[in-house]
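Visitor: The structure is given below, and queries will be raised subsequently.
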Amino acid sequence: MRDEAVSVQRSFRLSKRTVELLDASAASRRESRNALADRLLGEAVRLERHPLIRFHEGASGRRQPLVVGTRLYVHQVMATLRAGDGVDEAAAYLGIPARMVRAAIEYFAEFADEVDEDADVAARVERDERARWERQQRALA
């Protein structure tokens with residue numbers, strides 16, 4: 001989920017316990033309460049719409065959609081689909097049920113720009129890590 005360029009002011013009543021948990025989590029993450037509440041609420045709404053998707057902080061520090069019960073990000077499933085012949089083939093290649101592949105497709109259909117951005121960031125991180133490893137190998141030679 002990405003920061004939206006335009007925010008909308010809303011007022012909600014929250015239980016005392018929810019506010020305590022929100023404040024504690026925001027403080028431990030060094031994140032503003034409003035930013036944390038926006039992220040958590042946004043993710044919760046997406047979880048309601050896409051129950052086989054969860055969010056996980058990736059190597060780049062970004063929270064990315066992940067297919068439940070796997071270690072596969074939605075962008076990875078979509079890359080496999082794009083390189084192959086269809087849902088069943090992608091599922092077999094990835095070793096997951098076809099319904100999990102379809103869950104990734106459903107999420108992608110609604111949030112394609114964000115998933116593509118995740119893929120771009122992952123490719124950048126991979127390039128940077130590879131370059132770092134190559135520098136280390138040269139230093140050891």
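Naming works like this for the structure tokens: A, B, ... for the chains as they're shown, residue 1 at the start of each chain, ligands 1 onward in shown order.
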Excluding segment 48-56 of chain A and any residue of its chain fewer than 4 positions from it, enumerate the residues within 12 Å of it, using only C-alpha atoms, and give them as a count of residues only.
Guide: 37
Visitor: Under the rule that only C-alpha atoms are counted, which of A:Ala141, A:His75, A:Arg82, A:Trp133 is the nearest residue to Asp120 of chain A?
Guide: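 Closest residue, counting only C-alpha atoms: A:His75.
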Visitor: Have a look at A:Asp128, A:Ala90, A:Leu36, A:Gln9 and name the one nearest to Leu21 of chain A; count only C-alpha atoms.
Guide: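 Of all the options, A:Leu36 lies closest to Leu21 of chain A.
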Visitor: To test your reading of the structure, identify every residue in segment 8-137 of chain A that backbone DSSP assigns to strand (DSSP E), and report it as JSON, numbers by chain.
Guide: {"A": [53, 54, 55, 56, 57, 63, 64, 65, 66, 67]}
Visitor: For the residues in the current selection, export C-alpha atoms as a tab-separated table (two decimals), in the first residue's frame.
Guide:
chain	number	residue	atom	x	y	z
A	53	ILE	CA	-3.42	-11.87	0.80
A	54	ARG	CA	-1.43	-10.57	3.78
A	55	PHE	CA	1.12	-7.80	4.07
A	56	HIS	CA	4.77	-8.31	4.93
A	57	GLU	CA	7.70	-5.97	5.12
A	63	ARG	CA	5.14	-3.51	3.04
A	64	GLN	CA	4.13	-5.73	0.17
A	65	PRO	CA	1.20	-8.07	-0.48
A	66	LEU	CA	2.06	-11.71	0.13
A	67	VAL	CA	0.02	-14.82	-0.75
Visitor: Could you pull out all residues of chain A with a DSSP call of helix (DSSP H, G or I) and give them as a PyMOL selection string?
Guide: chain A and resi 16-29+33-49+74-83+87-94+98-140
Visitor: Find the distance between atom CA of Ala98 of chain A and atom CA of Leu81 of chain A and write it in Å to one decimal.
Guide: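 Between atom CA of Ala98 of chain A and atom CA of Leu81 of chain A the gap works out to 11.3 Å.
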Visitor: Please measure the separation of atom CA of Val45 of chain A and atom CA of Ala79 of chain A, giving the value in Å to one decimal.
Guide: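 Between atom CA of Val45 of chain A and atom CA of Ala79 of chain A the gap is 25.2 Å.
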Visitor: Work out how far atom CA of Arg135 of chain A is from atom CA of Ala119 of chain A, in Å to one decimal.
Guide: 24.4 Å
Visitor: From the options A:Ala123, A:Ser15, A:Arg33, A:Ala26, which residue's atoms come nearest to Ala59 of chain A, counting only C-alpha atoms?
Guide: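 Of the candidates, the smallest distance to Ala59 of chain A is held by A:Ala123.
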